[in-house]
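File shown: query_37.cif. Contents: mmCIF, C-alpha atoms.
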data_protein
#
loop_
_atom_site.group_PDB
_atom_site.id
_atom_site.type_symbol
_atom_site.label_atom_id
_atom_site.label_comp_id
_atom_site.auth_asym_id
_atom_site.auth_seq_id
_atom_site.Cartn_x
_atom_site.Cartn_y
_atom_site.Cartn_z
ATOM 1 C CA MET A 8 -26.759 26.335 -1.472
ATOM 2 C CA SER A 9 -27.341 25.740 -5.147
ATOM 3 C CA ALA A 10 -30.925 25.756 -6.314
ATOM 4 C CA SER A 11 -32.778 23.798 -8.960
ATOM 5 C CA LYS A 12 -36.353 23.603 -10.208
ATOM 6 C CA GLY A 13 -38.669 20.831 -9.105
ATOM 7 C CA SER A 14 -38.920 19.052 -5.780
ATOM 8 C CA LYS A 15 -38.268 15.400 -6.650
ATOM 9 C CA PRO A 16 -34.804 13.869 -6.210
ATOM 10 C CA GLY A 17 -32.790 13.017 -9.282
ATOM 11 C CA LYS A 18 -31.235 9.619 -9.926
ATOM 12 C CA GLY A 19 -28.906 8.619 -7.104
ATOM 13 C CA GLU A 20 -29.826 11.617 -4.983
ATOM 14 C CA MET A 21 -30.830 11.381 -1.325
ATOM 15 C CA THR A 22 -31.927 13.559 1.557
ATOM 16 C CA ILE A 23 -29.577 14.374 4.413
ATOM 17 C CA ARG A 24 -31.181 11.652 6.544
ATOM 18 C CA GLN A 25 -30.720 9.104 3.766
ATOM 19 C CA LEU A 26 -27.111 10.237 3.385
ATOM 20 C CA ALA A 27 -26.626 9.750 7.126
ATOM 21 C CA GLU A 28 -28.018 6.207 6.909
ATOM 22 C CA ARG A 29 -25.895 5.443 3.835
ATOM 23 C CA THR A 30 -22.641 6.614 5.430
ATOM 24 C CA GLY A 31 -23.303 5.758 9.079
ATOM 25 C CA MET A 32 -22.909 9.390 10.132
ATOM 26 C CA THR A 33 -25.291 11.531 12.120
ATOM 27 C CA VAL A 34 -27.186 14.378 10.469
ATOM 28 C CA ARG A 35 -25.441 16.732 12.884
ATOM 29 C CA ASN A 36 -21.956 15.570 11.793
ATOM 30 C CA ILE A 37 -22.868 15.890 8.112
ATOM 31 C CA ARG A 38 -23.911 19.484 8.708
ATOM 32 C CA ALA A 39 -20.694 20.074 10.677
ATOM 33 C CA HIS A 40 -18.704 18.738 7.701
ATOM 34 C CA GLN A 41 -20.503 21.217 5.455
ATOM 35 C CA THR A 42 -19.727 24.080 7.833
ATOM 36 C CA ARG A 43 -16.026 23.126 7.836
ATOM 37 C CA GLY A 44 -15.950 23.017 4.032
ATOM 38 C CA LEU A 45 -15.495 19.249 3.870
ATOM 39 C CA LEU A 46 -18.739 18.735 1.938
ATOM 40 C CA PRO A 47 -20.206 20.828 -0.884
ATOM 41 C CA PRO A 48 -23.749 22.115 -0.383
ATOM 42 C CA PRO A 49 -26.659 19.963 -1.561
ATOM 43 C CA ILE A 50 -28.748 20.639 -4.611
ATOM 44 C CA VAL A 51 -31.957 22.309 -3.401
ATOM 45 C CA ARG A 52 -35.282 21.394 -5.004
ATOM 46 C CA GLY A 53 -38.246 23.130 -3.488
ATOM 47 C CA ARG A 54 -37.271 23.299 0.149
ATOM 48 C CA THR A 55 -35.324 20.020 0.278
ATOM 49 C CA GLY A 56 -31.587 19.572 -0.133
ATOM 50 C CA TYR A 57 -30.431 16.494 -2.030
ATOM 51 C CA TYR A 58 -27.034 14.816 -1.863
ATOM 52 C CA GLY A 59 -25.374 12.588 -4.441
ATOM 53 C CA PRO A 60 -22.542 10.062 -4.930
ATOM 54 C CA GLU A 61 -19.904 12.809 -4.677
ATOM 55 C CA HIS A 62 -20.987 13.544 -1.114
ATOM 56 C CA VAL A 63 -20.710 9.853 -0.228
ATOM 57 C CA ALA A 64 -17.260 9.727 -1.827
ATOM 58 C CA ARG A 65 -16.116 12.788 0.100
ATOM 59 C CA ILE A 66 -17.265 11.341 3.400
ATOM 60 C CA GLU A 67 -15.507 8.032 2.695
ATOM 61 C CA LEU A 68 -12.310 9.771 1.644
ATOM 62 C CA THR A 69 -12.427 12.002 4.723
ATOM 63 C CA ARG A 70 -12.661 8.917 6.919
ATOM 64 C CA GLU A 71 -9.750 7.258 5.130
ATOM 65 C CA MET A 72 -7.560 10.333 5.562
ATOM 66 C CA GLN A 73 -8.578 10.662 9.218
ATOM 67 C CA ALA A 74 -7.541 7.037 9.731
ATOM 68 C CA ASP A 75 -4.131 7.997 8.342
ATOM 69 C CA GLY A 76 -3.809 10.707 10.992
ATOM 70 C CA LEU A 77 -4.838 13.840 9.075
ATOM 71 C CA ASN A 78 -6.923 16.338 11.013
ATOM 72 C CA LEU A 79 -10.050 17.892 9.517
ATOM 73 C CA GLU A 80 -8.345 21.164 8.625
ATOM 74 C CA ALA A 81 -5.637 19.369 6.652
ATOM 75 C CA ILE A 82 -8.313 17.293 4.906
ATOM 76 C CA ARG A 83 -10.226 20.452 4.018
ATOM 77 C CA ARG A 84 -7.123 21.905 2.362
ATOM 78 C CA VAL A 85 -6.612 18.698 0.376
ATOM 79 C CA LEU A 86 -10.217 18.777 -0.806
ATOM 80 C CA GLU A 87 -9.999 22.462 -1.727
ATOM 81 C CA SER A 88 -6.895 21.781 -3.826
ATOM 82 C CA ALA A 89 -9.031 19.664 -6.151
ATOM 83 C CA ASP A 90 -10.281 22.921 -7.722
ATOM 84 C CA GLY A 91 -13.573 21.520 -8.960
ATOM 85 C CA SER A 92 -12.130 18.163 -10.021
ATOM 86 C CA ALA A 93 -13.019 16.388 -6.778
ATOM 87 C CA SER A 94 -14.351 13.244 -8.433
ATOM 88 C CA ALA A 95 -11.177 12.712 -10.465
ATOM 89 C CA MET A 96 -9.032 13.548 -7.454
ATOM 90 C CA PHE A 97 -10.931 10.958 -5.379
ATOM 91 C CA ASP A 98 -10.254 8.293 -8.011
ATOM 92 C CA PHE A 99 -6.563 9.170 -8.122
ATOM 93 C CA THR A 100 -6.269 9.233 -4.320
ATOM 94 C CA ARG A 101 -7.875 5.821 -4.001
ATOM 95 C CA ALA A 102 -5.532 4.435 -6.667
ATOM 96 C CA LEU A 103 -2.617 5.956 -4.767
ATOM 97 C CA ARG A 104 -3.771 4.348 -1.517
ATOM 98 C CA THR A 105 -4.360 0.924 -3.027
ATOM 99 C CA PRO A 106 -2.006 -1.571 -1.366
ATOM 100 C CA PHE A 107 0.945 -2.371 -3.607
ATOM 101 C CA GLU A 108 1.040 -6.014 -2.600
ATOM 102 C CA ASP A 109 -1.509 -8.363 -4.152
ATOM 103 C CA GLU A 110 -1.286 -11.133 -1.541
ATOM 104 C CA ALA A 111 -4.088 -11.905 0.876
ATOM 105 C CA PRO A 112 -2.771 -12.110 4.467
ATOM 106 C CA GLU A 113 -3.292 -15.339 6.386
ATOM 107 C CA ILE A 114 -4.100 -15.790 10.080
ATOM 108 C CA VAL A 115 -2.300 -18.479 12.092
ATOM 109 C CA ASP A 116 -1.892 -19.221 15.794
ATOM 110 C CA VAL A 117 1.481 -19.351 17.518
ATOM 111 C CA GLU A 118 1.521 -23.163 17.578
ATOM 112 C CA GLU A 119 0.860 -23.362 13.852
ATOM 113 C CA LEU A 120 3.596 -20.799 13.213
ATOM 114 C CA ALA A 121 5.964 -22.926 15.311
ATOM 115 C CA ARG A 122 5.165 -25.952 13.152
ATOM 116 C CA ILE A 123 5.655 -23.951 9.957
ATOM 117 C CA TRP A 124 8.638 -21.807 10.905
ATOM 118 C CA GLY A 125 10.194 -23.686 13.799
ATOM 119 C CA GLU A 126 12.262 -21.444 16.069
ATOM 120 C CA ALA A 127 10.913 -18.292 14.381
ATOM 121 C CA ALA A 128 7.859 -18.696 16.581
ATOM 122 C CA ASP A 129 10.085 -17.445 19.403
ATOM 123 C CA ALA A 130 8.742 -14.089 20.672
ATOM 124 C CA LYS A 131 12.018 -12.220 20.044
ATOM 125 C CA LEU A 132 12.262 -13.385 16.442
ATOM 126 C CA ARG A 133 8.563 -12.682 15.906
ATOM 127 C CA ARG A 134 9.111 -9.075 16.987
ATOM 128 C CA ARG A 135 11.925 -8.762 14.427
ATOM 129 C CA ALA A 136 9.623 -10.204 11.773
ATOM 130 C CA GLU A 137 6.953 -7.660 12.794
ATOM 131 C CA LYS A 138 9.402 -4.781 12.299
ATOM 132 C CA LEU A 139 10.067 -6.078 8.799
ATOM 133 C CA GLY A 140 6.328 -6.126 8.060
ATOM 134 C CA ILE A 141 6.273 -9.902 7.631
ATOM 135 C CA LEU A 142 4.078 -10.701 10.638
ATOM 136 C CA ARG A 143 1.656 -8.787 12.844
ATOM 137 C CA ALA A 144 0.484 -9.815 16.306
ATOM 138 C CA LEU A 145 -3.291 -9.663 16.721
ATOM 139 C CA PRO A 146 -5.098 -8.738 19.964
ATOM 140 C CA ASP A 147 -6.457 -12.290 20.308
ATOM 141 C CA GLY A 148 -2.927 -13.752 20.398
ATOM 142 C CA ARG A 149 -2.947 -15.070 16.844
ATOM 143 C CA ILE A 150 -0.517 -13.976 14.135
ATOM 144 C CA GLU A 151 -1.352 -12.264 10.850
ATOM 145 C CA VAL A 152 1.072 -13.341 8.139
ATOM 146 C CA ILE A 153 1.276 -10.254 5.903
ATOM 147 C CA SER A 154 3.124 -12.067 3.129
ATOM 148 C CA PRO A 155 2.388 -15.814 2.945
ATOM 149 C CA GLN A 156 4.870 -15.973 0.051
ATOM 150 C CA LEU A 157 7.714 -14.870 2.340
ATOM 151 C CA LEU A 158 6.614 -17.400 4.949
ATOM 152 C CA ARG A 159 6.660 -20.182 2.348
ATOM 153 C CA ALA A 160 10.145 -19.066 1.313
ATOM 154 C CA ALA A 161 11.261 -19.364 4.951
ATOM 155 C CA VAL A 162 9.833 -22.888 5.103
ATOM 156 C CA GLU A 163 11.731 -23.901 1.971
ATOM 157 C CA LEU A 164 14.927 -22.295 3.269
ATOM 158 C CA ALA A 165 14.528 -24.308 6.471
ATOM 159 C CA GLU A 166 14.291 -27.473 4.371
ATOM 160 C CA LEU A 167 17.631 -26.493 2.816
ATOM 161 C CA GLY A 168 19.159 -26.138 6.269
ATOM 162 C CA VAL A 169 18.809 -22.360 6.688
ATOM 163 C CA GLY A 170 17.649 -21.460 10.209
ATOM 164 C CA ALA A 171 15.152 -18.758 11.098
ATOM 165 C CA GLU A 172 17.895 -16.478 12.445
ATOM 166 C CA GLY A 173 19.797 -16.601 9.151
ATOM 167 C CA ALA A 174 16.617 -16.136 7.117
ATOM 168 C CA LEU A 175 15.641 -13.071 9.169
ATOM 169 C CA ARG A 176 19.104 -11.512 8.867
ATOM 170 C CA THR A 177 18.839 -11.889 5.096
ATOM 171 C CA ALA A 178 15.278 -10.504 5.137
ATOM 172 C CA GLU A 179 16.517 -7.455 7.054
ATOM 173 C CA LYS A 180 19.183 -6.807 4.412
ATOM 174 C CA LEU A 181 16.664 -7.292 1.626
ATOM 175 C CA ARG A 182 14.246 -4.866 3.296
ATOM 176 C CA ARG A 183 16.904 -2.149 3.486
ATOM 177 C CA HIS A 184 17.651 -2.541 -0.214
ATOM 178 C CA ALA A 185 13.937 -2.758 -1.058
ATOM 179 C CA ASP A 186 13.308 0.506 0.811
ATOM 180 C CA GLY A 187 15.914 2.208 -1.379
ATOM 181 C CA VAL A 188 14.398 0.790 -4.567
ATOM 182 C CA ALA A 189 10.902 1.876 -3.495
ATOM 183 C CA ARG A 190 12.093 5.413 -2.769
ATOM 184 C CA ALA A 191 13.809 5.554 -6.164
ATOM 185 C CA PHE A 192 10.581 4.723 -8.005
ATOM 186 C CA VAL A 193 8.462 7.063 -5.877
ATOM 187 C CA GLU A 194 10.908 9.904 -6.491
ATOM 188 C CA LEU A 195 10.864 9.096 -10.209
ATOM 189 C CA PHE A 196 7.073 9.304 -10.332
ATOM 190 C CA VAL A 197 6.963 12.547 -8.350
ATOM 191 C CA ARG A 198 9.741 14.241 -10.329
ATOM 192 C CA GLU A 199 8.809 13.154 -13.844
ATOM 193 C CA VAL A 200 5.016 12.780 -13.683
ATOM 194 C CA TRP A 201 3.449 14.524 -10.698
ATOM 195 C CA GLU A 202 5.495 17.754 -10.540
ATOM 196 C CA PRO A 203 4.919 18.731 -14.226
ATOM 197 C CA PHE A 204 1.188 18.061 -13.715
ATOM 198 C CA ASP A 205 1.216 20.127 -10.510
ATOM 199 C CA ARG A 206 3.083 23.025 -12.152
ATOM 200 C CA ALA A 207 0.501 23.022 -14.953
ATOM 201 C CA GLY A 208 -2.215 23.716 -12.365
ATOM 202 C CA ARG A 209 -3.508 20.137 -12.208
ATOM 203 C CA PRO A 210 -5.778 20.354 -15.277
ATOM 204 C CA GLU A 211 -9.028 18.520 -14.699
ATOM 205 C CA ASP A 212 -8.825 16.584 -17.968
ATOM 206 C CA GLU A 213 -5.350 15.294 -17.007
ATOM 207 C CA TRP A 214 -6.430 13.487 -13.813
ATOM 208 C CA PRO A 215 -7.306 10.251 -15.674
ATOM 209 C CA ARG A 216 -3.831 10.249 -17.235
ATOM 210 C CA MET A 217 -2.295 10.645 -13.786
ATOM 211 C CA ARG A 218 -4.243 7.696 -12.457
ATOM 212 C CA GLU A 219 -3.265 5.582 -15.475
ATOM 213 C CA ALA A 220 0.403 6.537 -14.984
ATOM 214 C CA LEU A 221 0.227 5.510 -11.337
ATOM 215 C CA GLU A 222 -1.426 2.187 -12.111
ATOM 216 C CA ARG A 223 1.094 1.410 -14.861
ATOM 217 C CA MET A 224 4.018 2.391 -12.634
ATOM 218 C CA ARG A 225 3.233 -0.391 -10.169
ATOM 219 C CA PRO A 226 3.804 -3.407 -12.469
ATOM 220 C CA LEU A 227 6.636 -1.572 -14.244
ATOM 221 C CA ALA A 228 8.454 -1.096 -10.931
ATOM 222 C CA ALA A 229 7.959 -4.733 -9.954
ATOM 223 C CA GLY A 230 9.071 -5.977 -13.386
ATOM 224 C CA ALA A 231 12.141 -3.743 -13.478
ATOM 225 C CA LEU A 232 13.168 -4.853 -9.990
ATOM 226 C CA GLN A 233 12.780 -8.523 -10.864
ATOM 227 C CA ALA A 234 14.756 -8.149 -14.092
ATOM 228 C CA SER A 235 17.543 -6.241 -12.311
ATOM 229 C CA PHE A 236 17.649 -8.850 -9.558
ATOM 230 C CA GLN A 237 17.925 -11.710 -12.042
ATOM 231 C CA ILE A 238 20.918 -10.027 -13.709
ATOM 232 C CA ALA A 239 22.553 -9.262 -10.361
ATOM 233 C CA MET A 240 21.884 -12.783 -9.036
ATOM 234 C CA GLY A 241 23.363 -14.364 -12.154
ATOM 235 C CA GLU A 242 26.518 -12.276 -11.856
ATOM 236 C CA ALA A 243 26.854 -12.945 -8.118
ATOM 237 C CA VAL A 244 26.470 -16.713 -8.561
ATOM 238 C CA GLU A 245 28.988 -16.707 -11.409
ATOM 239 C CA LYS A 246 31.573 -14.801 -9.341
ATOM 240 C CA GLU A 247 31.079 -17.067 -6.342
ATOM 241 C CA SER A 248 31.358 -20.169 -8.560
ATOM 242 C CA GLU A 249 34.644 -18.919 -9.985
ATOM 243 C CA ARG A 250 35.987 -18.212 -6.492
ATOM 244 C CA THR A 251 34.920 -21.650 -5.246
ATOM 245 C CA LEU A 252 36.570 -23.370 -8.220
ATOM 246 C CA ARG A 253 39.826 -21.441 -7.710
ATOM 247 C CA LEU A 254 39.914 -22.466 -4.060
ATOM 248 C CA ALA A 255 39.191 -26.078 -4.957
ATOM 249 C CA ALA A 256 41.984 -26.038 -7.525
ATOM 250 C CA ARG A 257 44.688 -25.090 -5.007
ATOM 251 C CA PRO A 258 47.139 -27.953 -4.428
ATOM 252 C CA GLY A 259 46.752 -27.858 -0.664
ATOM 253 C CA LYS A 260 42.988 -28.264 -0.953
ATOM 254 C CA ARG A 261 43.063 -31.508 -2.904
ATOM 255 C CA ARG A 262 42.358 -34.764 -1.138
ATOM 256 C CA LYS A 263 45.270 -37.108 -0.647
ATOM 257 C CA ARG A 264 44.819 -40.365 -2.477
ATOM 258 C CA SER A 265 44.797 -43.503 -0.405
ATOM 259 C CA ALA A 266 47.980 -45.568 -0.681
#

Show this structure as structure tokens.
Amino acid sequence: MSASKGSKPGKGEMTIRQLAERTGMTVRNIRAHQTRGLLPPPIVRGRTGYYGPEHVARIELTREMQADGLNLEAIRRVLESADGSASAMFDFTRALRTPFEDEAPEIVDVEELARIWGEAADAKLRRRAEKLGILRALPDGRIEVISPQLLRAAVELAELGVGAEGALRTAEKLRRHADGVARAFVELFVREVWEPFDRAGRPEDEWPRMREALERMRPLAAGALQASFQIAMGEAVEKESERTLRLAARPGKRRKRSA
């Protein structure tokens, strides 16, 4: 344990019991985390150990990583790799784990979904939509719409005469292509930004730049994808228009005039 003069807590500092109340953990589990190397020792003043915001952040991050399936030993290794830059690493990790989408999910019941999406309320089609990440069945029987924007697009497609089956087939194709685009941008970030930083020993003063690069990559990826899609869509429509006009211009396709 590190020692310090005086016995009063500094600003933002708390005893182990206060830390337990703040984080919802037991004192015993906090001490177990320290033994495993998941928490740094407190600052000792007099005979009392005091904990600060970094301890709270470590506990929260540990919980988040546990929720993602990491065991405590794997989490300890991640925390050790911070090499004294834990606070910056926490900020970067939280930025990395921030959901990419900026939509707020909506909750609907099956009947409402049937009114909105017609036949897509069928259980079989709902399961396909769940696999695509569009919908999620809740324990109470209601449906969480992950992307209301996609649901609205399905409604508008239905108004144009496109059925739920056709819309889902197209969504499945789009998802496969989107997965490839996402992997391309992730690989770009890892290869061009993360790996040079990692080879340099992850300098502490470079963590803010890494977080900024990650945050800027998100809108850049979305903008690049949209721009590429607009070009591709324009070319596809133009080609299809030319093909349709050529077919319409064939002599056998013309309507016979009435006598």

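Computed from the coordinates, the atom CA of Val193 of chain A to atom CA of Leu103 of chain A distance equals 11.2 Å.
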
What residues have an atom no more than 12 Å from (-22.0, 8.7, -4.3) in the file's own frame, counting all atoms listed in the file, and can you write them as a list in words? Lys18, Gly19, Glu20, Met21, Gln25, Leu26, Arg29, Thr30, Tyr57, Tyr58, Gly59, Pro60, Glu61, His62, Val63, Ala64, Arg65, Ile66, Glu67, Leu68, Ser94 and Phe97 of chain A

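Between atom CA of Arg176 of chain A and atom CA of Ala130 of chain A the separation is 15.9 Å.
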
To test your reading of the syntax: which residues would the PyMOL selection byres ((chain A and resi 131-146) around 9) return for the file shown? Reply as number ranges by chain. A: 126-130, 147-155, 157-158, 171-172, 175, 178-179, 182

Calculate how many Å separate atom CA of Gly208 of chain A from atom CA of Arg190 of chain A, rounding to one decimal. 25.1 Å
